[in-house]
Structures are given as C-alpha cells and as structure tokens.
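Novice: Pasting a structure here, questions to come.
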Amino acid sequence: MCGIVGYIGDKQAFPILISGLKRLEYRGYDSAGIAIYNKGVNIYKKKGKVSELENHVETKNIEGTIGIGHTRWATHGEPNDLNAHPHISENGHFTVIHNGIIENYDRLRERLKQRGYTFKSQTDTEVLANLIEYIYIKGSLNAEMAVRYALSKVVGAYGIVVIAKDEPDQLIAARKASPLVIGIGENEYYIASDATPIVEYTKSVIYLNNDNVAIIKKGELKLKNIQNDILEPKIQQLDLDIGSIEKNGFEHFMLKEIFEQPESIKDTFRGRISADNSDIKLGGLSEVMPQLINAKRIIIIGCGTSWHAGLVGEYLLEEYARIPVEVEYGSEFRYRNPIINKDDIVIAISQSGETADTLAAINIAKERGATVIGICNVVGASIPRETDAGVYTHAGPEIGVASTKAFTAQVTVLTMIALLLGKERNTLSKKEYQNLIAELARTPERISKILTLDNEFKKIADLYKDATNFLYLGRGFFFPVALEGALKLKEISYIHAEGYPAAEMKHGPIALIDEKMPVVVIATKDHSYDKIVSNIQEIKARKGIVIAIVTEGDTVIRDLADHVLEVPKSDEGVASLLTVVPLQLLSYHIAVMRGCNVDQPRNLAKSVTVE
Ligand code: G6P
C-alpha cells in the first residue's frame, strides 16, 4: 500500500523516480509526488495518477541527483494535492515520504500544536516530519539522530525515506512493518517499497528489517537499528527479471497474468512434483512435517483472494488428509481472542506477504504456540520471514490489483500439501495419491486449452456487461471458486456480485432471480452434479439467465442453460484450478467493455499494509 522510491547517485533522479513510481503504481494511485534536492528541496505533487504528476511538471526543468517519490493510497486525509507526499516540516528542515500508519499521530499532533506547529495537511506523515524537525531543533541533534529519536516516539507502521535540508548529501530510510529494499549500484543507491523499480538497474539488494535505519550517501551505506547499534547489511541477489514486470504486448497486466497461468502453475510445482508424477517434495516444510502429520487441527488465514484459496484448501485438506480445517480472515482472527493449541498448525496465505491483518494474525498464532506456515508469492517479504516454515508459490510478480495467477498458485501449493499429508497419514492410497498428482500435473495444458476459448468468454461478456447484479453459485470445491468469481467482477467492473453455495440459494438469493439476473453456475461433472443440475432448473424456473461452466461434452446442461463454457474433464480435486479461469476472463472482458481501469480499480490497492 503506497509506493516509495528514492535515488542517490550520479544520475538525474527525476526520470528514475517517475519510472519507479509507475512500476509501483499498483500499490496505490490516489496521488503522487516527488522531492528533488538541488541547492534546496523542490517538491512537486499532484492528486491522481503518476501521469498527472508528469503532466504537472512537464514544463519544469528538474535537475538533481538526489530525490524521493511516492504514490499514495489514502489513509489519513482524502486524496488531494495537499495530502499527497512528500511532506515537508514547517521550517523546511525535513522532507518525508511514508508508507504505513502512525497510530498515535493525533496525540503527537496535539503536542506539536502546543509547541507552535501548524499543519497544512490531514496526514500522519506531516506529523512525523514536524516531529523529526522539532526534535532536531530542540535537541541540537544531527538529522539521523533526530529521525531515530522521533521514530522511537512513534506507535504504528512505517517505511520512510527522509531528505534533511542541512545534510543534503544523504537519504535516511527506516522501516517498521512496511517493507523497504535498497538497491546497490555503482556509486549509487536505489530505495523502494518493493524491488520492481530497482531490478532494471541492479540485482544486488538489501532488505531492511524492522527497526532498521539506513543512512545512505552516494558511495556509502550505514545500517543501524533505532537504538544506534551498527548492523552488518546482508546483500542478496534479486531473482526477478525485468520482462516479468512488463506487459509484454498484453493490453493489461491482469490479462497477461491470466494467460501466464499454465506457466505459473508449472513454476509452482516444478521441482516439487517428481518427473514421473509419483511423489511430492516440499523442502520448505521438511522441518515441520512431524507437526503437520500429527496436527489435530489446521487454521488457514488470509484476506481477499488468498482467503478464497484458503477455503479451497479446507476442502482439499479435509478430503485428502482428513485433518479438520478452519479458515479465518486475518482481520477477524486477530481481534477475537482465538483459541489456539500448541499442536495446531496455522497456514497463512498471502500473495504479497505484507498484508497487515495476516501478519498480525501470524504474530498472535506464534505467541500462542502454534506452528505457523506461510504460503507466499513475494520472496523475502515479511510473512515468509515471520513464519516457522513455508512454501513460495513462485508465480512471478503479480501487478494487476485483482489477483489471478497468485490464486491458482496458492491452490496448487495447498493441493500439494493436502496430497502429501494424505500420503503420510495413510488417508490416501498410493494409487489415489499418484493419480491426483498426475491430474495436478496436467492442469497447465488444460488451462491452455481453456484460454483458447477466450473469444467465447468475450461474447458472453458483451451480452451481460450492462447487468447490475450477478450471482455466482458452486458446490464443494467450487463454492470458493464462486466467491472468487464474484469478487473478481466486483473489484474490476463495479458490478454488484455475490457468491453462494448453490444449495443455499434457496435461503435467500433465489428471491433476487428474475429475467435480468445472470447466474454463473459452476456445474462440472463431479459427485454433486445431479444436485447442481437441479439448482440450474430452479433458476430457469424463475427465468434467471444461466451461464454454466461445464465439463467438455456435457449435453444435459447445454439443453438447460442459456450459455455453457466448457472446461476439460479432470478430477474434481484439481478442477477449481480450471473453473476459475473462465470467471477471471469473464470479469476481465466485462470490465474492459465498461471502460474500467482493470489494473488499477478504484479505491483498491494490491498490497494492504494497513488495517
Ligand atoms: C488486496 C488485493 C487482493 C488480495 C488481498 C490479500 O485486497 O487487492 O488481490 O487478494 O489484498 O492480499 P495478499 O497479498 O495477502 O494475498
């Protein structure tokens, strides 16, 4: 949430900052701003997208080799020019960009007001800038000391980068619960809230840890904690290539990411499923396998799409490993005093690895003695660092705000865990185990086949793009898919949509059905096929429009439904990976036809690092 970028070196900072902000825009796009040092600090900021900031500064000749930039997802104060970052302290000593939330900002602001400070914006960040300045002047400290001391007074989360007017040859960066990474170039450093703006310049990076403060000069980096202890920076190599963060000819990142799924799923199981599909190995879980095998209960935690993947995981783990599973929203779990036993396993699922509610839930689970496992896409993010063990999804960077390939990668990992535990706990026979592995391994080629039908999804999108409501129904493994289909549509096309277990339709949503209501039903041939056929008949009896996702060659539903979209036949245990794809494409095309900004839907952000 919010993107941060910084540069210090010999190059002109402005183009580096602008292109960095564009790469980070998926994290927030309410406003954008830049500060460049050139004999003084010059600040340019604008409500709206980075392109609007660019237009705003078009005529200005911006020179300078030190600068910071920010793209905002508003928390405190509405999106406008004044609330945009960077924020400068009252007497101009400090210029700050900030991700996260200063929870005690109100109290700090009141105290600063009593000491004569006034505020131009409604942001917590301006409070921080003024606090640093107040401490700097009052304590006659140097800039770095003032930053460290101010941060010790702050409650909340932050990733910040600071320019100090009186010590302009340096940037000061600090983090607590909001990620920052520093790229090391030749006689230069790049700073960003994730590696995407850095990868085109260097692959050598340092990830800041909580309470780290980095004092960065042109050819020198000093790392400390806020107590002033010197720390040894750990340099790592980025495993990210520039092609993976560009659109590569697709109109949108979301479309590219949907089409990447055959490859991304392969990347998820590559090296984990043996070449002859006979076994699964999950190296990241080897140390916790005894606890997993003996688990009395598994609690899965996630938010948004990751929570939906968790629901699929519940069906998989209960079916194949026969372990009771509960699925929780991070935000609910953290505040409801959950009962956790020492032999519970908590699985936290997150694409970004930075979602604040999921992270907080992990901490509670750890405090109460559970073994915590992470399923995460972004390598080196906070969640994999906070968990006892884990599995990376390796789906590659996901830039579209609406999650697609991350979902199928998460479900792939959960399938592998469920099958492996089924084998180890003897709840699956060897034959069943190996058949299911082979089915999972065939998923990529089956998804490729579904993707060739894109024009059909487009035609249906065209017919129903003006609908005001949609209903999505599914049973068993496909109930979470129905939820995910509805979420995709809501997120990017702003059409109201609800996902329901198909049988529950009779307890409410059936009242909504009339000749204007498209109902998307996941109706592949599985053990509840007859039941879902009855549900379709119930919808048709009320004149609803049925768009059914069916198994290739199905003739029964073809006769009943208004439209059928076929997916290849597969075992129902892996079919959620297939049936979600038509739903992703349907919502994508509807959103494009409605003129919506697919990759950056209003009010949303890719990575929600605040509560
Ligand atoms: C935001 C994103 C969703 C994502 C959710 C959880 O709402 O827009 O796409 O599913 O956060 O994010 P995580 O990174 O934890 O999977």
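Letters A, B, ... go to the chains of the structure tokens in the order shown; residues in each chain start at 1; ligands are counted from 1 in the same order.
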Could you name the residues that touch Arg602 of chain A at 10 Å or less, counting only C-alpha atoms, but leaving out those on the same chain fewer than 4 positions away, as a ChimeraX atom specification?
Specialist: /A:28-30,491-494,596-598
Novice: Around ligand 1, which protein and nucleic acid residues have at least one atom no more than 6 Å from it, if we count only C-alpha atoms and all ligand atoms? List them as a list in words.
Specialist: Cys303, Gly304, Thr305, Ser306, Ser350, Gln351, Ser352, Gly353, Thr355, Val401, Ala402, Ser403, Leu604, Ala605, Lys606, Ser607 and Val608 of chain A
Novice: Would you export the selected residues with all heavy atoms as a compact mmCIF listing (two decimals), in the first residue's frame, please?
Specialist:
# COMPACT_ATOMS: atom_id res chain seq x y z
N CYS A 303 -6.59 -13.00 3.47
CA CYS A 303 -7.53 -11.91 3.19
C CYS A 303 -7.83 -11.95 1.68
O CYS A 303 -6.99 -12.39 0.90
CB CYS A 303 -6.90 -10.54 3.51
SG CYS A 303 -6.37 -10.37 5.21
N GLY A 304 -8.98 -11.45 1.31
CA GLY A 304 -9.33 -11.31 -0.11
C GLY A 304 -9.23 -12.64 -0.85
O GLY A 304 -9.69 -13.69 -0.38
N THR A 305 -8.59 -12.59 -2.00
CA THR A 305 -8.45 -13.78 -2.83
C THR A 305 -7.69 -14.88 -2.10
O THR A 305 -7.98 -16.07 -2.26
CB THR A 305 -7.76 -13.39 -4.15
OG1 THR A 305 -8.69 -12.61 -4.90
CG2 THR A 305 -7.34 -14.59 -4.97
N SER A 306 -6.72 -14.50 -1.30
CA SER A 306 -5.95 -15.52 -0.56
C SER A 306 -6.85 -16.28 0.42
O SER A 306 -6.64 -17.46 0.68
CB SER A 306 -4.79 -14.87 0.20
OG SER A 306 -3.91 -14.27 -0.71
N SER A 350 -0.69 -15.52 1.51
CA SER A 350 -0.63 -14.12 1.07
C SER A 350 0.20 -14.00 -0.19
O SER A 350 1.31 -14.52 -0.25
CB SER A 350 -0.01 -13.27 2.18
OG SER A 350 0.18 -11.96 1.74
N GLN A 351 -0.34 -13.35 -1.20
CA GLN A 351 0.44 -13.10 -2.40
C GLN A 351 1.63 -12.21 -2.05
O GLN A 351 2.77 -12.54 -2.33
CB GLN A 351 -0.46 -12.43 -3.46
CG GLN A 351 0.13 -12.24 -4.84
CD GLN A 351 1.18 -11.16 -4.96
OE1 GLN A 351 2.28 -11.42 -5.48
NE2 GLN A 351 0.91 -9.96 -4.49
N SER A 352 1.32 -11.06 -1.45
CA SER A 352 2.36 -10.04 -1.22
C SER A 352 3.27 -10.40 -0.06
O SER A 352 4.42 -9.97 -0.02
CB SER A 352 1.70 -8.70 -0.91
OG SER A 352 0.93 -8.82 0.29
N GLY A 353 2.73 -11.11 0.90
CA GLY A 353 3.49 -11.38 2.12
C GLY A 353 3.57 -10.17 3.03
O GLY A 353 4.35 -10.15 3.99
N THR A 355 0.43 -8.26 3.91
CA THR A 355 -0.91 -7.84 4.36
C THR A 355 -0.93 -7.70 5.89
O THR A 355 -0.65 -8.66 6.62
CB THR A 355 -1.96 -8.84 3.86
OG1 THR A 355 -1.85 -8.88 2.44
CG2 THR A 355 -3.36 -8.44 4.24
N VAL A 401 -4.08 -5.45 -9.87
CA VAL A 401 -4.56 -5.41 -8.48
C VAL A 401 -5.46 -6.62 -8.19
O VAL A 401 -5.40 -7.20 -7.11
CB VAL A 401 -5.27 -4.06 -8.19
CG1 VAL A 401 -6.07 -4.13 -6.91
CG2 VAL A 401 -4.22 -2.96 -8.10
N ALA A 402 -6.27 -7.01 -9.16
CA ALA A 402 -7.13 -8.18 -8.95
C ALA A 402 -6.26 -9.44 -9.13
O ALA A 402 -5.67 -9.66 -10.18
CB ALA A 402 -8.27 -8.18 -9.95
N SER A 403 -6.22 -10.24 -8.09
CA SER A 403 -5.32 -11.39 -8.10
C SER A 403 -5.86 -12.52 -8.98
O SER A 403 -7.04 -12.85 -8.93
CB SER A 403 -5.19 -11.87 -6.65
OG SER A 403 -4.27 -12.90 -6.57
N LEU A 604 -8.95 0.47 -4.57
CA LEU A 604 -8.25 -0.75 -4.15
C LEU A 604 -6.74 -0.55 -4.19
O LEU A 604 -6.25 0.36 -4.84
CB LEU A 604 -8.63 -1.92 -5.05
CG LEU A 604 -10.10 -2.35 -5.01
CD1 LEU A 604 -10.33 -3.49 -5.99
CD2 LEU A 604 -10.49 -2.77 -3.61
N ALA A 605 -6.04 -1.45 -3.53
CA ALA A 605 -4.59 -1.47 -3.63
C ALA A 605 -4.15 -2.92 -3.63
O ALA A 605 -4.86 -3.79 -3.13
CB ALA A 605 -3.95 -0.74 -2.47
N LYS A 606 -3.01 -3.16 -4.20
CA LYS A 606 -2.53 -4.53 -4.35
C LYS A 606 -2.13 -5.14 -3.02
O LYS A 606 -2.36 -6.30 -2.75
CB LYS A 606 -1.33 -4.51 -5.30
CG LYS A 606 -0.74 -5.86 -5.61
CD LYS A 606 -1.59 -6.57 -6.61
CE LYS A 606 -1.20 -8.00 -6.81
NZ LYS A 606 -2.36 -8.83 -7.15
N SER A 607 -1.49 -4.31 -2.23
CA SER A 607 -0.91 -4.87 -1.03
C SER A 607 -1.39 -4.00 0.13
O SER A 607 -1.08 -2.82 0.20
CB SER A 607 0.60 -4.85 -1.24
OG SER A 607 1.27 -4.84 -0.07
N VAL A 608 -2.20 -4.59 1.01
CA VAL A 608 -2.89 -3.78 2.03
C VAL A 608 -2.09 -3.85 3.33
O VAL A 608 -2.28 -4.74 4.15
CB VAL A 608 -4.34 -4.26 2.20
CG1 VAL A 608 -5.07 -3.43 3.25
CG2 VAL A 608 -5.07 -4.17 0.88
Novice: Can you check which residues of segment 141-373 of chain A DSSP gives as helix (DSSP H, G or I) on the backbone and send them as number ranges by chain?
Specialist: A: 143-152, 242-245, 253-259, 261-269, 283-293, 304-321, 330-335, 356-367
Novice: Can I get the selected residues back with C-alpha atoms, as a compact mmCIF listing (two decimals), in the first residue's frame?
Specialist:
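Saved file result_15.txt follows:
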# COMPACT_ATOMS: atom_id res chain seq x y z
CA ALA A 143 19.48 14.57 11.14
CA GLU A 144 19.96 10.84 11.60
CA MET A 145 19.72 11.09 15.39
CA ALA A 146 16.58 13.19 15.11
CA VAL A 147 14.98 10.60 12.82
CA ARG A 148 15.87 7.73 15.12
CA TYR A 149 14.68 9.55 18.21
CA ALA A 150 11.41 10.58 16.55
CA LEU A 151 10.77 7.01 15.43
CA SER A 152 11.20 5.81 18.99
CA ILE A 242 12.52 -7.06 -15.98
CA GLY A 243 10.34 -8.93 -18.52
CA SER A 244 8.25 -10.35 -15.71
CA ILE A 245 7.15 -6.88 -14.61
CA PHE A 253 -1.27 -6.85 -16.59
CA MET A 254 -4.36 -8.74 -15.48
CA LEU A 255 -4.82 -10.30 -18.91
CA LYS A 256 -1.14 -11.16 -19.11
CA GLU A 257 -1.30 -12.76 -15.69
CA ILE A 258 -4.41 -14.81 -16.57
CA PHE A 259 -2.63 -16.06 -19.69
CA GLN A 261 -1.26 -19.41 -15.58
CA PRO A 262 -0.19 -22.53 -17.48
CA GLU A 263 3.41 -21.46 -16.91
CA SER A 264 2.99 -20.04 -13.42
CA ILE A 265 1.33 -23.23 -12.18
CA LYS A 266 4.19 -25.23 -13.67
CA ASP A 267 6.62 -22.93 -11.88
CA THR A 268 4.73 -23.60 -8.65
CA PHE A 269 5.07 -27.37 -8.85
CA GLY A 283 11.57 -28.72 1.01
CA GLY A 284 10.29 -25.65 2.88
CA LEU A 285 8.10 -27.84 5.07
CA SER A 286 10.55 -30.64 5.86
CA GLU A 287 11.35 -29.32 9.33
CA VAL A 288 7.70 -29.08 10.34
CA MET A 289 6.47 -32.28 8.69
CA PRO A 290 6.15 -34.17 12.01
CA GLN A 291 3.91 -31.41 13.41
CA LEU A 292 1.90 -31.30 10.18
CA ILE A 293 1.37 -35.04 10.05
CA GLY A 304 -9.33 -11.31 -0.11
CA THR A 305 -8.45 -13.78 -2.83
CA SER A 306 -5.95 -15.52 -0.56
CA TRP A 307 -8.81 -16.27 1.82
CA HIS A 308 -10.70 -17.87 -1.07
CA ALA A 309 -7.66 -20.03 -1.83
CA GLY A 310 -7.72 -20.96 1.87
CA LEU A 311 -11.32 -22.16 1.51
CA VAL A 312 -10.31 -24.41 -1.37
CA GLY A 313 -7.50 -25.60 0.93
CA GLU A 314 -10.06 -26.51 3.59
CA TYR A 315 -11.89 -28.81 1.18
CA LEU A 316 -8.61 -30.31 -0.03
CA LEU A 317 -7.06 -30.93 3.38
CA GLU A 318 -10.22 -32.36 4.88
CA GLU A 319 -10.85 -34.57 1.86
CA TYR A 320 -7.36 -35.94 1.34
CA ALA A 321 -5.57 -35.62 4.70
CA GLY A 330 -6.78 -12.27 9.28
CA SER A 331 -8.74 -9.24 10.47
CA GLU A 332 -11.26 -11.34 12.43
CA PHE A 333 -8.76 -13.79 13.84
CA ARG A 334 -6.52 -11.10 15.27
CA TYR A 335 -9.23 -9.37 17.27
CA ALA A 356 -1.15 -6.20 7.77
CA ASP A 357 -4.07 -8.26 9.10
CA THR A 358 -2.50 -11.55 8.05
CA LEU A 359 0.80 -10.54 9.64
CA ALA A 360 -0.89 -9.58 12.89
CA ALA A 361 -2.76 -12.89 12.93
CA ILE A 362 0.54 -14.75 12.45
CA ASN A 363 2.00 -12.99 15.46
CA ILE A 364 -0.94 -13.98 17.63
CA ALA A 365 -0.73 -17.60 16.47
CA LYS A 366 3.01 -17.64 17.22
CA GLU A 367 2.56 -16.08 20.65
Novice: Pick out the closest residue to Lys296 of chain A from this set: A:Thr408, A:Ile230, A:Ala370, A:Tyr7. Count only C-alpha atoms.
Specialist: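 The closest residue to Lys296 of chain A is A:Ala370.
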Novice: Report, in Å with one decimal, the straight-line distance from atom CA of Lys423 of chain A to atom CA of Ala348 of chain A.
Specialist: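 Interatomic distance, atom CA of Lys423 of chain A to atom CA of Ala348 of chain A: 22.5 Å.
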Novice: Can you pull out every residue from segment 36-174 of chain A that DSSP, working from the backbone, puts in strand (DSSP E or B), and format the result as JSON, numbers by chain?
Specialist: {"A": [36, 37, 41, 42, 43, 44, 45, 46, 47, 66, 67, 68, 69, 70, 71, 72, 87, 88, 94, 95, 96, 97, 98, 99, 102, 156, 158, 159, 160, 161, 162, 163, 164, 170, 171, 172, 173, 174]}
Novice: Can you list, as a list in words, every protein, DNA or RNA residue that comes within 7 Å of Ala482 of chain A when you count only C-alpha atoms, leaving out same-chain residues fewer than 3 positions away?
Specialist: Tyr472, Leu473, Gly474, Phe478, Phe479, Gly485, Ala486, Gly499 and Tyr500 of chain A
Novice: Would you save the residues from that selection as a PDB file, in the first residue's frame, using N, CA and C atoms?
Specialist:
ATOM      1  N   TYR A 472     -23.128 -15.903  -8.387  1.00  0.00           N
ATOM      2  CA  TYR A 472     -22.208 -16.998  -8.714  1.00  0.00           C
ATOM      3  C   TYR A 472     -22.496 -18.151  -7.760  1.00  0.00           C
ATOM      4  N   LEU A 473     -22.696 -19.318  -8.302  1.00  0.00           N
ATOM      5  CA  LEU A 473     -23.021 -20.475  -7.466  1.00  0.00           C
ATOM      6  C   LEU A 473     -22.077 -21.633  -7.721  1.00  0.00           C
ATOM      7  N   GLY A 474     -21.761 -22.351  -6.651  1.00  0.00           N
ATOM      8  CA  GLY A 474     -20.944 -23.560  -6.793  1.00  0.00           C
ATOM      9  C   GLY A 474     -21.114 -24.415  -5.552  1.00  0.00           C
ATOM     10  N   PHE A 478     -16.113 -25.932  -5.494  1.00  0.00           N
ATOM     11  CA  PHE A 478     -16.434 -24.812  -6.398  1.00  0.00           C
ATOM     12  C   PHE A 478     -17.195 -23.683  -5.722  1.00  0.00           C
ATOM     13  N   PHE A 479     -17.544 -23.879  -4.451  1.00  0.00           N
ATOM     14  CA  PHE A 479     -18.137 -22.754  -3.723  1.00  0.00           C
ATOM     15  C   PHE A 479     -17.102 -21.621  -3.577  1.00  0.00           C
ATOM     16  N   GLY A 485     -15.071 -15.754  -8.242  1.00  0.00           N
ATOM     17  CA  GLY A 485     -15.629 -15.185  -9.481  1.00  0.00           C
ATOM     18  C   GLY A 485     -16.380 -13.895  -9.178  1.00  0.00           C
ATOM     19  N   ALA A 486     -17.175 -13.915  -8.109  1.00  0.00           N
ATOM     20  CA  ALA A 486     -17.949 -12.718  -7.742  1.00  0.00           C
ATOM     21  C   ALA A 486     -17.016 -11.579  -7.328  1.00  0.00           C
ATOM     22  N   GLY A 499     -21.294 -14.459  -4.332  1.00  0.00           N
ATOM     23  CA  GLY A 499     -21.005 -15.878  -4.490  1.00  0.00           C
ATOM     24  C   GLY A 499     -21.740 -16.643  -3.402  1.00  0.00           C
ATOM     25  N   TYR A 500     -22.312 -17.778  -3.739  1.00  0.00           N
ATOM     26  CA  TYR A 500     -23.091 -18.555  -2.764  1.00  0.00           C
ATOM     27  C   TYR A 500     -22.868 -20.047  -2.967  1.00  0.00           C
TER      28      TYR A 500
END
Novice: Using only C-alpha atoms, which residues sit within 6 Å of segment 56-73 of chain A once same-chain residues fewer than 6 positions away are excluded, as a ChimeraX atom specification?
Specialist: /A:2-13,17,28-38
Novice: Need to verify the contact set: segment 197-199 of chain A, 10 Å, only C-alpha atoms, exclusion of same-chain residues closer than 3 positions in sequence. Can you return it as a VMD selection string?
Specialist: chain A and resid 3 to 7 16 to 24 181 to 185 189 to 194 202 to 205 238 to 242 245
Novice: Thr118 of chain A: which residues within 8 Å, counting only C-alpha atoms, same-chain residues fewer than 3 positions away excluded, as a ChimeraX atom specification?
Specialist: /A:90,112-113
Novice: Save the residues we just selected, all heavy atoms, as a CSV table (one decimal), in the first residue's frame?
Specialist:
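Okay, out.csv is ready:
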chain,number,residue,atom,x,y,z
A,90,GLU,N,7.5,22.1,9.0
A,90,GLU,CA,7.1,23.5,9.0
A,90,GLU,C,8.3,24.5,8.6
A,90,GLU,O,8.1,25.4,7.8
A,90,GLU,CB,6.6,23.9,10.3
A,90,GLU,CG,6.0,25.3,10.3
A,90,GLU,CD,4.9,25.5,11.3
A,90,GLU,OE1,5.1,25.7,12.5
A,90,GLU,OE2,3.7,25.3,10.9
A,112,LEU,N,2.6,18.8,19.2
A,112,LEU,CA,3.3,19.7,18.4
A,112,LEU,C,2.6,21.0,18.2
A,112,LEU,O,3.2,22.1,18.2
A,112,LEU,CB,3.6,19.1,17.0
A,112,LEU,CG,4.6,17.9,17.0
A,112,LEU,CD1,4.5,17.0,15.8
A,112,LEU,CD2,6.0,18.5,17.1
A,113,LYS,N,1.3,21.0,18.2
A,113,LYS,CA,0.5,22.2,18.1
A,113,LYS,C,0.7,23.1,19.3
A,113,LYS,O,0.9,24.3,19.2
A,113,LYS,CB,-1.0,21.9,18.0
A,113,LYS,CG,-1.5,21.6,16.5
A,113,LYS,CD,-3.0,21.5,16.6
A,113,LYS,CE,-3.6,21.2,15.2
A,113,LYS,NZ,-5.0,20.7,15.3
Novice: Near Arg272 of chain A, counting only C-alpha atoms, which residues have an atom at most 8 Å away, once you skip same-chain residues fewer than 4 positions from it, shown as a compact mmCIF listing (two decimals) with all heavy atoms, in the first residue's frame?
Specialist:
# COMPACT_ATOMS: atom_id res chain seq x y z
N ILE A 280 5.66 -36.10 -4.15
CA ILE A 280 5.73 -34.65 -3.94
C ILE A 280 6.76 -34.39 -2.86
O ILE A 280 6.83 -35.10 -1.85
CB ILE A 280 4.36 -34.09 -3.47
CG1 ILE A 280 3.34 -34.19 -4.61
CG2 ILE A 280 4.48 -32.66 -2.99
CD1 ILE A 280 1.92 -33.88 -4.18
N LYS A 281 7.56 -33.35 -3.08
CA LYS A 281 8.55 -32.96 -2.08
C LYS A 281 8.40 -31.45 -1.83
O LYS A 281 8.43 -30.67 -2.80
CB LYS A 281 9.94 -33.23 -2.66
CG LYS A 281 10.91 -33.68 -1.64
CD LYS A 281 12.21 -34.01 -2.26
CE LYS A 281 13.16 -34.29 -1.12
NZ LYS A 281 14.38 -34.79 -1.54
N LEU A 282 8.21 -31.08 -0.59
CA LEU A 282 8.12 -29.65 -0.27
C LEU A 282 9.22 -29.33 0.73
O LEU A 282 9.05 -29.46 1.95
CB LEU A 282 6.73 -29.32 0.29
CG LEU A 282 5.57 -29.51 -0.70
CD1 LEU A 282 4.22 -29.37 -0.01
CD2 LEU A 282 5.67 -28.49 -1.84
Novice: Just to confirm, what's the straight-line distance from atom CA of Gln434 of chain A to atom CA of Glu572 of chain A in Å (one decimal)?
Specialist: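 These atoms are spaced 14.9 Å apart.
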Novice: Please determine, counting only C-alpha atoms, which residue among A:Val564, A:Ala129, A:Leu53, A:Ala409 has the shortest atom-to-atom distance to Arg270 of chain A.
Specialist: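 Between A:Val564, A:Ala129, A:Leu53, A:Ala409, the residue approaching Arg270 of chain A most closely is A:Ala409.
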Novice: In terms of the shortest atom-to-atom distance over only C-alpha atoms, which of A:Thr579, A:Asn294, A:Asn377, A:Asn91 is closest to Ile345 of chain A?
Specialist: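 For Ile345 of chain A, the nearest of the given residues is A:Asn294.
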